[in-house]
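Note: the block below is start30.pdb and it holds PDB, C-alpha atoms.
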MODEL        1
ATOM      1  CA  MET C   1      -9.178 -10.343   0.904  1.00  0.00           C
ATOM      2  CA  ALA C   2      -7.022  -7.375   1.863  1.00  0.00           C
ATOM      3  CA  PHE C   3      -3.919  -9.555   1.536  1.00  0.00           C
ATOM      4  CA  LYS C   4      -4.935 -10.715  -1.953  1.00  0.00           C
ATOM      5  CA  LEU C   5      -5.684  -7.157  -3.060  1.00  0.00           C
ATOM      6  CA  ASP C   6      -2.373  -6.024  -1.629  1.00  0.00           C
ATOM      7  CA  GLN C   7      -0.571  -8.639  -3.703  1.00  0.00           C
ATOM      8  CA  GLU C   8      -2.570  -7.865  -6.837  1.00  0.00           C
ATOM      9  CA  SER C   9      -2.704  -4.070  -6.779  1.00  0.00           C
ATOM     10  CA  GLY C  10      -1.343  -2.713  -3.532  1.00  0.00           C
ATOM     11  CA  TRP C  11       2.274  -1.971  -4.370  1.00  0.00           C
ATOM     12  CA  GLY C  12       1.440  -0.003  -7.513  1.00  0.00           C
ATOM     13  CA  SER C  13      -1.349   1.943  -5.882  1.00  0.00           C
ATOM     14  CA  ARG C  14       0.936   2.829  -2.979  1.00  0.00           C
ATOM     15  CA  TRP C  15       3.530   4.225  -5.414  1.00  0.00           C
ATOM     16  CA  LEU C  16       0.865   6.319  -7.084  1.00  0.00           C
ATOM     17  CA  ALA C  17      -0.212   7.659  -3.702  1.00  0.00           C
ATOM     18  CA  PHE C  18       3.425   8.444  -2.923  1.00  0.00           C
ATOM     19  CA  ILE C  19       3.617  10.470  -6.150  1.00  0.00           C
ATOM     20  CA  GLY C  20       0.494  12.322  -5.017  1.00  0.00           C
ATOM     21  CA  LEU C  21       2.048  13.001  -1.640  1.00  0.00           C
ATOM     22  CA  ILE C  22       5.142  14.448  -3.291  1.00  0.00           C
ATOM     23  CA  GLY C  23       2.892  16.638  -5.442  1.00  0.00           C
ATOM     24  CA  MET C  24       1.050  17.958  -2.387  1.00  0.00           C
ATOM     25  CA  VAL C  25       4.347  18.708  -0.635  1.00  0.00           C
ATOM     26  CA  VAL C  26       5.576  20.586  -3.730  1.00  0.00           C
ATOM     27  CA  VAL C  27       2.365  22.648  -3.787  1.00  0.00           C
ATOM     28  CA  ALA C  28       2.736  23.443  -0.083  1.00  0.00           C
ATOM     29  CA  LEU C  29       6.369  24.507  -0.527  1.00  0.00           C
ATOM     30  CA  VAL C  30       5.589  26.685  -3.546  1.00  0.00           C
ATOM     31  CA  ILE C  31       2.769  28.392  -1.640  1.00  0.00           C
ATOM     32  CA  ILE C  32       5.053  29.004   1.339  1.00  0.00           C
ATOM     33  CA  ILE C  33       7.732  30.452  -0.951  1.00  0.00           C
ATOM     34  CA  ASP C  34       5.102  32.612  -2.659  1.00  0.00           C
ATOM     35  CA  VAL C  35       3.838  33.947   0.675  1.00  0.00           C
ATOM     36  CA  LEU C  36       7.373  34.677   1.906  1.00  0.00           C
ATOM     37  CA  LEU C  37       8.308  36.464  -1.321  1.00  0.00           C
ATOM     38  CA  ARG C  38       5.121  38.534  -1.152  1.00  0.00           C
ATOM     39  CA  TRP C  39       5.793  39.430   2.466  1.00  0.00           C
ATOM     40  CA  LEU C  40       9.544  40.088   2.261  1.00  0.00           C
ATOM     41  CA  PHE C  41       9.962  41.539  -1.225  1.00  0.00           C
ATOM     42  CA  ASP C  42       6.427  42.340  -2.394  1.00  0.00           C
ATOM     43  CA  SER C  43       7.181  40.046  -5.345  1.00  0.00           C
ATOM     44  CA  PRO C  44       4.903  37.014  -5.697  1.00  0.00           C
ATOM     45  CA  VAL C  45       5.696  33.954  -7.782  1.00  0.00           C
ATOM     46  CA  ASP C  46       3.780  34.189 -11.059  1.00  0.00           C
ATOM     47  CA  GLY C  47       1.342  31.387 -11.787  1.00  0.00           C
ATOM     48  CA  VAL C  48       1.281  29.727  -8.378  1.00  0.00           C
ATOM     49  CA  ALA C  49      -2.481  29.237  -8.500  1.00  0.00           C
ATOM     50  CA  GLU C  50      -2.314  27.836 -12.043  1.00  0.00           C
ATOM     51  CA  VAL C  51       0.440  25.353 -11.285  1.00  0.00           C
ATOM     52  CA  SER C  52      -1.137  24.389  -7.974  1.00  0.00           C
ATOM     53  CA  ARG C  53      -4.449  23.523  -9.633  1.00  0.00           C
ATOM     54  CA  LEU C  54      -2.724  21.236 -12.117  1.00  0.00           C
ATOM     55  CA  ILE C  55      -0.562  19.490  -9.522  1.00  0.00           C
ATOM     56  CA  VAL C  56      -3.466  19.092  -7.096  1.00  0.00           C
ATOM     57  CA  ALA C  57      -5.628  17.490  -9.815  1.00  0.00           C
ATOM     58  CA  VAL C  58      -2.945  14.874 -10.494  1.00  0.00           C
ATOM     59  CA  SER C  59      -2.172  14.413  -6.793  1.00  0.00           C
ATOM     60  CA  ILE C  60      -5.767  13.847  -5.770  1.00  0.00           C
ATOM     61  CA  ALA C  61      -6.295  11.368  -8.608  1.00  0.00           C
ATOM     62  CA  SER C  62      -3.214   9.446  -7.484  1.00  0.00           C
ATOM     63  CA  PHE C  63      -4.755   8.643  -4.082  1.00  0.00           C
ATOM     64  CA  PHE C  64      -7.918   6.957  -5.394  1.00  0.00           C
ATOM     65  CA  PRO C  65      -6.378   3.608  -6.470  1.00  0.00           C
ATOM     66  CA  MET C  66      -4.896   2.998  -3.030  1.00  0.00           C
ATOM     67  CA  ALA C  67      -8.093   4.072  -1.294  1.00  0.00           C
ATOM     68  CA  LEU C  68     -10.057   1.543  -3.338  1.00  0.00           C
ATOM     69  CA  ALA C  69      -7.509  -1.264  -2.933  1.00  0.00           C
ATOM     70  CA  ASP C  70      -7.368  -0.748   0.841  1.00  0.00           C
ATOM     71  CA  ARG C  71     -11.132  -0.175   1.133  1.00  0.00           C
ATOM     72  CA  HIS C  72     -10.587   3.242   2.721  1.00  0.00           C
ATOM     73  CA  HIS C  73     -13.954   4.684   1.956  1.00  0.00           C
ATOM     74  CA  ILE C  74     -16.966   5.967   3.733  1.00  0.00           C
ATOM     75  CA  SER C  75     -19.437   3.241   4.569  1.00  0.00           C
ATOM     76  CA  ILE C  76     -22.618   3.157   6.539  1.00  0.00           C
ATOM     77  CA  GLU C  77     -22.816  -0.200   8.226  1.00  0.00           C
ATOM     78  CA  PHE C  78     -25.688   0.152  10.680  1.00  0.00           C
ATOM     79  CA  LEU C  79     -28.214  -1.458   8.310  1.00  0.00           C
ATOM     80  CA  GLY C  80     -25.952  -4.445   7.661  1.00  0.00           C
ATOM     81  CA  ALA C  81     -25.242  -4.783  11.374  1.00  0.00           C
ATOM     82  CA  TRP C  82     -28.964  -4.757  12.060  1.00  0.00           C
ATOM     83  CA  LEU C  83     -29.786  -7.265   9.302  1.00  0.00           C
ATOM     84  CA  GLY C  84     -26.882  -9.601  10.025  1.00  0.00           C
ATOM     85  CA  PRO C  85     -23.559 -10.652   8.488  1.00  0.00           C
ATOM     86  CA  ARG C  86     -25.038 -12.284   5.375  1.00  0.00           C
ATOM     87  CA  ALA C  87     -27.047  -9.173   4.551  1.00  0.00           C
ATOM     88  CA  GLN C  88     -23.931  -7.075   5.171  1.00  0.00           C
ATOM     89  CA  LEU C  89     -22.107  -9.073   2.485  1.00  0.00           C
ATOM     90  CA  TRP C  90     -24.906  -8.383  -0.003  1.00  0.00           C
ATOM     91  CA  LEU C  91     -25.055  -4.693   0.908  1.00  0.00           C
ATOM     92  CA  ASP C  92     -21.290  -4.467   0.464  1.00  0.00           C
ATOM     93  CA  LEU C  93     -21.657  -6.153  -2.922  1.00  0.00           C
ATOM     94  CA  LEU C  94     -24.260  -3.583  -3.928  1.00  0.00           C
ATOM     95  CA  ALA C  95     -21.942  -0.777  -2.802  1.00  0.00           C
ATOM     96  CA  HIS C  96     -19.039  -2.241  -4.801  1.00  0.00           C
ATOM     97  CA  VAL C  97     -21.213  -2.562  -7.909  1.00  0.00           C
ATOM     98  CA  ALA C  98     -22.257   1.093  -7.519  1.00  0.00           C
ATOM     99  CA  THR C  99     -18.629   2.141  -7.000  1.00  0.00           C
ATOM    100  CA  SER C 100     -17.564   0.199 -10.099  1.00  0.00           C
ATOM    101  CA  PHE C 101     -20.283   1.885 -12.140  1.00  0.00           C
ATOM    102  CA  PHE C 102     -19.262   5.289 -10.775  1.00  0.00           C
ATOM    103  CA  PHE C 103     -15.617   4.854 -11.796  1.00  0.00           C
ATOM    104  CA  LEU C 104     -16.591   3.574 -15.242  1.00  0.00           C
ATOM    105  CA  VAL C 105     -18.721   6.673 -15.842  1.00  0.00           C
ATOM    106  CA  LEU C 106     -16.108   8.969 -14.299  1.00  0.00           C
ATOM    107  CA  GLY C 107     -13.356   7.466 -16.461  1.00  0.00           C
ATOM    108  CA  TRP C 108     -15.480   7.847 -19.580  1.00  0.00           C
ATOM    109  CA  GLN C 109     -16.265  11.493 -18.768  1.00  0.00           C
ATOM    110  CA  LEU C 110     -12.632  12.285 -17.996  1.00  0.00           C
ATOM    111  CA  ILE C 111     -11.568  10.792 -21.326  1.00  0.00           C
ATOM    112  CA  LEU C 112     -14.115  13.020 -23.077  1.00  0.00           C
ATOM    113  CA  TYR C 113     -12.824  16.032 -21.120  1.00  0.00           C
ATOM    114  CA  VAL C 114      -9.197  15.330 -22.046  1.00  0.00           C
ATOM    115  CA  LEU C 115     -10.160  14.983 -25.706  1.00  0.00           C
ATOM    116  CA  GLU C 116     -12.039  18.280 -25.522  1.00  0.00           C
ATOM    117  CA  ILE C 117      -9.204  20.264 -23.927  1.00  0.00           C
ATOM    118  CA  SER C 118      -6.718  18.632 -26.287  1.00  0.00           C
ATOM    119  CA  GLU C 119      -8.720  19.692 -29.335  1.00  0.00           C
ATOM    120  CA  SER C 120      -9.150  23.217 -28.020  1.00  0.00           C
ATOM    121  CA  GLY C 121      -5.463  23.534 -27.082  1.00  0.00           C
ATOM    122  CA  GLU C 122      -6.384  24.843 -23.638  1.00  0.00           C
ATOM    123  CA  THR C 123      -3.548  26.445 -21.692  1.00  0.00           C
ATOM    124  CA  THR C 124      -3.176  28.109 -18.337  1.00  0.00           C
ATOM    125  CA  TRP C 125      -4.025  31.768 -18.465  1.00  0.00           C
ATOM    126  CA  LEU C 126      -0.846  33.351 -17.113  1.00  0.00           C
ATOM    127  CA  LEU C 127       1.955  30.889 -17.840  1.00  0.00           C
ATOM    128  CA  GLY C 128       0.500  29.441 -21.031  1.00  0.00           C
ATOM    129  CA  TRP C 129       1.160  25.832 -20.000  1.00  0.00           C
ATOM    130  CA  LYS C 130      -0.818  23.184 -21.862  1.00  0.00           C
ATOM    131  CA  VAL C 131      -3.271  21.539 -19.452  1.00  0.00           C
ATOM    132  CA  THR C 132      -3.832  18.400 -21.539  1.00  0.00           C
ATOM    133  CA  PRO C 133      -0.760  16.493 -20.247  1.00  0.00           C
ATOM    134  CA  TRP C 134      -1.740  17.158 -16.642  1.00  0.00           C
ATOM    135  CA  TRP C 135      -5.334  16.063 -17.137  1.00  0.00           C
ATOM    136  CA  THR C 136      -4.184  13.044 -19.134  1.00  0.00           C
ATOM    137  CA  VAL C 137      -2.108  11.855 -16.182  1.00  0.00           C
ATOM    138  CA  ALA C 138      -4.967  12.535 -13.746  1.00  0.00           C
ATOM    139  CA  THR C 139      -7.318  10.618 -16.046  1.00  0.00           C
ATOM    140  CA  LEU C 140      -4.919   7.671 -16.299  1.00  0.00           C
ATOM    141  CA  PHE C 141      -4.705   7.529 -12.510  1.00  0.00           C
ATOM    142  CA  MET C 142      -8.497   7.496 -12.307  1.00  0.00           C
ATOM    143  CA  LEU C 143      -8.714   4.816 -15.014  1.00  0.00           C
ATOM    144  CA  ILE C 144      -6.401   2.632 -12.929  1.00  0.00           C
ATOM    145  CA  CYS C 145      -9.214   2.618 -10.373  1.00  0.00           C
ATOM    146  CA  ILE C 146     -11.421   0.577 -12.708  1.00  0.00           C
ATOM    147  CA  PRO C 147      -9.410  -2.675 -12.622  1.00  0.00           C
ATOM    148  CA  ILE C 148      -8.638  -2.201  -8.930  1.00  0.00           C
ATOM    149  CA  GLN C 149     -12.322  -1.790  -8.145  1.00  0.00           C
ATOM    150  CA  GLY C 150     -12.934  -4.802 -10.392  1.00  0.00           C
ATOM    151  CA  LEU C 151     -10.665  -6.845  -8.116  1.00  0.00           C
ATOM    152  CA  VAL C 152     -12.497  -5.566  -5.047  1.00  0.00           C
ATOM    153  CA  LEU C 153     -15.814  -6.495  -6.658  1.00  0.00           C
ATOM    154  CA  TYR C 154     -14.496  -9.933  -7.676  1.00  0.00           C
ATOM    155  CA  HIS C 155     -13.416 -10.726  -4.115  1.00  0.00           C
ATOM    156  CA  GLN C 156     -16.716  -9.439  -2.737  1.00  0.00           C
ATOM    157  CA  ILE C 157     -18.637 -11.708  -5.115  1.00  0.00           C
ATOM    158  CA  ARG C 158     -16.510 -14.649  -3.970  1.00  0.00           C
ATOM    159  CA  ALA C 159     -17.272 -13.741  -0.353  1.00  0.00           C
ATOM    160  CA  VAL C 160     -21.017 -13.576  -1.060  1.00  0.00           C
ATOM    161  CA  LEU C 161     -20.865 -16.976  -2.762  1.00  0.00           C
ATOM    162  CA  GLY C 162     -18.986 -18.408   0.226  1.00  0.00           C
ATOM    163  CA  ARG C 163     -15.817 -19.174  -1.744  1.00  0.00           C
ATOM    164  CA  GLU C 164     -13.718 -16.738   0.182  1.00  0.00           C
ATOM    165  CA  ASP C 165     -13.646 -15.381   3.704  1.00  0.00           C
ATOM    166  CA  ALA C 166     -15.591 -12.179   4.089  1.00  0.00           C
ATOM    167  CA  PRO C 167     -13.418  -9.088   4.244  1.00  0.00           C
ATOM    168  CA  PRO C 168     -12.957  -7.682   7.707  1.00  0.00           C
ATOM    169  CA  PRO C 169     -15.172  -4.746   8.611  1.00  0.00           C
ATOM    170  CA  THR C 170     -13.755  -1.404   7.591  1.00  0.00           C
ATOM    171  CA  ASP C 171     -11.580  -0.077  10.404  1.00  0.00           C
ATOM    172  CA  HIS C 172     -12.844   3.341  11.463  1.00  0.00           C
ATOM    173  CA  THR C 173     -10.716   3.656  14.599  1.00  0.00           C
ATOM    174  CA  HIS C 174      -8.407   6.145  12.893  1.00  0.00           C
ATOM    175  CA  LEU C 175     -11.325   8.568  12.539  1.00  0.00           C
ATOM    176  CA  ALA C 176     -11.438   9.023  16.295  1.00  0.00           C
ATOM    177  CA  GLU C 177      -7.892  10.349  16.159  1.00  0.00           C
ATOM    178  CA  LEU C 178      -8.876  13.193  13.835  1.00  0.00           C
TER     179      LEU C 178
ENDMDL
END

Representation of the structure as structure tokens:
Amino acid sequence: MAFKLDQESGWGSRWLAFIGLIGMVVVALVIIIDVLLRWLFDSPVDGVAEVSRLIVAVSIASFFPMALADRHHISIEFLGAWLGPRAQLWLDLLAHVATSFFFLVLGWQLILYVLEISESGETTWLLGWKVTPWWTVATLFMLICIPIQGLVLYHQIRAVLGREDAPPPTDHTHLAEL
């Protein structure tokens, strides 16, 4: 399943995550520059907090498609392990249905939010930047999650019906390294 998802949505979601990583690095560098300018010259960079909030919103949204495609999410598997592999497949299906519903509702609410801030002409307080373009991009990134989660759900349904190998258990070994 992971291989099929990688072919269907992996490369694009990885590029989005890379954009998010670049955004986070930019925010970190701007904050470092701001701190150094405050310390050395008592002259901060105007609007750092405003710009950072906008970039972080887009950056965080850019990581969600890859997390869904790669199934990097929190899961509680003790019940499925106790009930057996078949029950685990059904519990995973239920979780994927709930996740799909969540992203549909989230996407709908974000669209409403973007329409609202667009109509009001909302800008940042200090710099006067329009926030609509930033939130539009963040919303588009979150809307990309809907078809990706649809693919995850499709493959999970096929696994439950026995038409596809069950996905491997989520690998949590990297958590021990944290």

Residues of segment 80-178 of chain C that approach segment 38-53 of chain C to 9 Å or less, counting all atoms listed in the file: could you list each one with the shortest pair of atoms and its distance in Å to one decimal, rows by chain and increasing residue number, as a tab-separated table?
residue	atom	partner	partner_atom	distance
C:Thr124	CA	C:Glu50	CA	6.4
C:Trp125	CA	C:Glu50	CA	7.7
C:Leu126	CA	C:Gly47	CA	6.1
C:Leu127	CA	C:Gly47	CA	6.1
C:Trp129	CA	C:Val51	CA	8.8

C-alpha atoms of the current selection, written as a short mmCIF file (atom, residue, chain, number, x, y, z; two decimals), keeping the file's coordinate frame:
data_model
loop_
_atom_site.label_atom_id
_atom_site.label_comp_id
_atom_site.auth_asym_id
_atom_site.auth_seq_id
_atom_site.Cartn_x
_atom_site.Cartn_y
_atom_site.Cartn_z
CA THR C 124 -3.18 28.11 -18.34
CA TRP C 125 -4.03 31.77 -18.46
CA LEU C 126 -0.85 33.35 -17.11
CA LEU C 127 1.96 30.89 -17.84
CA TRP C 129 1.16 25.83 -20.00
#

If we count all atoms listed in the file and set the cut-off at 12 Å, which residues sit around Trp135 of chain C, ignoring sequence neighbours fewer than 4 positions away in its own chain? Please answer as an MDAnalysis selection string.
chainID C and resid 53:62 107 109:118 122:123 130:131 139:143

Expanded to explicit residues, what is the PyMOL selection byres ((chain C and resi 157-162) around 12) for this file, as a list in words?
Met1, Pro85, Arg86, Ala87, Gln88, Leu89, Trp90, Leu91, Asp92, Leu93, Leu94, Ala95, His96, Val97, Gly150, Leu151, Val152, Leu153, Tyr154, His155, Gln156, Arg163, Glu164, Asp165, Ala166, Pro167 and Pro168 of chain C

Can you work out the spacing between atom CA of Phe64 of chain C and atom CA of Cys145 of chain C in Å, to one decimal?
6.7 Å

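Nearest residue to Ile19 of chain C, choosing from C:Ile148, C:Phe101, C:Phe63, C:Leu36 and counting all atoms listed in the file: C:Phe63.
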
How many Å separate atom CA of Trp15 of chain C from atom CA of Ile33 of chain C?
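That distance, rounded to one decimal, is 26.9 Å.
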
Where is the centre and how long are the edges: axis-aligned box on segment 101-119 of chain C, 5 Å on each side, Å to one decimal, as lines of an AutoDock Vina configuration file:
center_x = -13.5
center_y = 11.1
center_z = -20.1
size_x = 23.6
size_y = 28.4
size_z = 28.6

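With all atoms listed in the file as the atoms that count, the residue of C:Gly23, C:Gly12, C:Gly84, C:Pro147 with the shortest distance to Met66 of chain C is C:Gly12.
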
How far is it from atom CA of Arg14 of chain C to atom CA of Ile32 of chain C, in Å with one decimal?
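Distance between the two atoms: 26.8 Å.
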
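Nearest residue to Gly20 of chain C, choosing from C:Trp82, C:Val137, C:Phe103, C:Ala69 and counting only C-alpha atoms: C:Val137.
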
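Of the listed residues (C:Ile144, C:Leu68, C:Ala138, C:Leu37), C:Leu68 comes nearest to Thr99 of chain C; the distances count all atoms listed in the file.
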
Starting from the incomplete input, reconstruct all heavy atoms of segment 103-114 of chain C and report them as a short mmCIF file (atom, residue, chain, number, x, y, z; two decimals), in the coordinates of the input.
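Output contents, as saved in out_7.cif:
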data_model
loop_
_atom_site.label_atom_id
_atom_site.label_comp_id
_atom_site.auth_asym_id
_atom_site.auth_seq_id
_atom_site.Cartn_x
_atom_site.Cartn_y
_atom_site.Cartn_z
N PHE C 103 -16.94 4.65 -11.22
CA PHE C 103 -15.62 4.85 -11.80
C PHE C 103 -15.60 4.61 -13.30
O PHE C 103 -14.82 5.24 -14.02
CB PHE C 103 -14.56 4.03 -11.06
CG PHE C 103 -14.08 4.71 -9.82
CD1 PHE C 103 -14.59 4.37 -8.58
CD2 PHE C 103 -13.15 5.72 -9.89
CE1 PHE C 103 -14.18 5.03 -7.43
CE2 PHE C 103 -12.72 6.39 -8.75
CZ PHE C 103 -13.25 6.04 -7.52
N LEU C 104 -16.46 3.73 -13.79
CA LEU C 104 -16.59 3.57 -15.24
C LEU C 104 -17.11 4.86 -15.88
O LEU C 104 -16.56 5.34 -16.89
CB LEU C 104 -17.52 2.41 -15.57
CG LEU C 104 -16.93 1.01 -15.42
CD1 LEU C 104 -18.03 -0.05 -15.51
CD2 LEU C 104 -15.86 0.77 -16.47
N VAL C 105 -18.15 5.43 -15.30
CA VAL C 105 -18.72 6.67 -15.84
C VAL C 105 -17.73 7.83 -15.68
O VAL C 105 -17.54 8.62 -16.61
CB VAL C 105 -20.08 6.99 -15.17
CG1 VAL C 105 -20.58 8.38 -15.55
CG2 VAL C 105 -21.11 5.93 -15.53
N LEU C 106 -17.09 7.91 -14.53
CA LEU C 106 -16.11 8.97 -14.30
C LEU C 106 -14.96 8.86 -15.30
O LEU C 106 -14.54 9.87 -15.89
CB LEU C 106 -15.58 8.91 -12.86
CG LEU C 106 -14.54 9.96 -12.49
CD1 LEU C 106 -15.13 11.36 -12.53
CD2 LEU C 106 -13.97 9.65 -11.12
N GLY C 107 -14.44 7.66 -15.50
CA GLY C 107 -13.36 7.47 -16.46
C GLY C 107 -13.76 7.87 -17.86
O GLY C 107 -13.01 8.55 -18.57
N TRP C 108 -14.95 7.49 -18.26
CA TRP C 108 -15.48 7.85 -19.58
C TRP C 108 -15.58 9.36 -19.72
O TRP C 108 -15.15 9.94 -20.73
CB TRP C 108 -16.83 7.17 -19.76
CG TRP C 108 -17.65 7.63 -20.91
CD1 TRP C 108 -17.26 7.76 -22.22
CD2 TRP C 108 -19.02 8.02 -20.87
NE1 TRP C 108 -18.32 8.21 -22.98
CE2 TRP C 108 -19.41 8.37 -22.17
CE3 TRP C 108 -19.97 8.09 -19.85
CZ2 TRP C 108 -20.69 8.79 -22.48
CZ3 TRP C 108 -21.24 8.51 -20.17
CH2 TRP C 108 -21.58 8.85 -21.47
N GLN C 109 -16.12 10.04 -18.71
CA GLN C 109 -16.26 11.49 -18.77
C GLN C 109 -14.91 12.20 -18.76
O GLN C 109 -14.73 13.22 -19.42
CB GLN C 109 -17.15 11.99 -17.62
CG GLN C 109 -18.61 11.60 -17.77
CD GLN C 109 -19.21 12.19 -19.04
OE1 GLN C 109 -19.11 13.38 -19.31
NE2 GLN C 109 -19.83 11.33 -19.84
N LEU C 110 -13.96 11.68 -18.00
CA LEU C 110 -12.63 12.28 -18.00
C LEU C 110 -11.94 12.12 -19.35
O LEU C 110 -11.24 13.03 -19.81
CB LEU C 110 -11.78 11.69 -16.87
CG LEU C 110 -12.09 12.20 -15.47
CD1 LEU C 110 -11.37 11.37 -14.42
CD2 LEU C 110 -11.74 13.67 -15.34
N ILE C 111 -12.13 10.98 -19.98
CA ILE C 111 -11.57 10.79 -21.33
C ILE C 111 -12.17 11.83 -22.28
O ILE C 111 -11.44 12.47 -23.06
CB ILE C 111 -11.81 9.36 -21.84
CG1 ILE C 111 -10.94 8.37 -21.07
CG2 ILE C 111 -11.54 9.26 -23.34
CD1 ILE C 111 -11.28 6.91 -21.31
N LEU C 112 -13.47 12.01 -22.22
CA LEU C 112 -14.12 13.02 -23.08
C LEU C 112 -13.58 14.42 -22.78
O LEU C 112 -13.35 15.22 -23.71
CB LEU C 112 -15.63 12.99 -22.89
CG LEU C 112 -16.36 11.73 -23.37
CD1 LEU C 112 -17.85 11.82 -23.08
CD2 LEU C 112 -16.10 11.48 -24.85
N TYR C 113 -13.35 14.72 -21.50
CA TYR C 113 -12.82 16.03 -21.12
C TYR C 113 -11.41 16.23 -21.67
O TYR C 113 -11.09 17.30 -22.21
CB TYR C 113 -12.85 16.18 -19.59
CG TYR C 113 -12.27 17.48 -19.12
CD1 TYR C 113 -12.91 18.70 -19.40
CD2 TYR C 113 -11.08 17.52 -18.40
CE1 TYR C 113 -12.36 19.90 -18.98
CE2 TYR C 113 -10.54 18.72 -17.98
CZ TYR C 113 -11.19 19.91 -18.26
OH TYR C 113 -10.65 21.09 -17.85
N VAL C 114 -10.57 15.22 -21.54
CA VAL C 114 -9.20 15.33 -22.05
C VAL C 114 -9.20 15.52 -23.56
O VAL C 114 -8.43 16.32 -24.09
CB VAL C 114 -8.36 14.10 -21.62
CG1 VAL C 114 -7.05 14.03 -22.40
CG2 VAL C 114 -8.08 14.13 -20.13
#
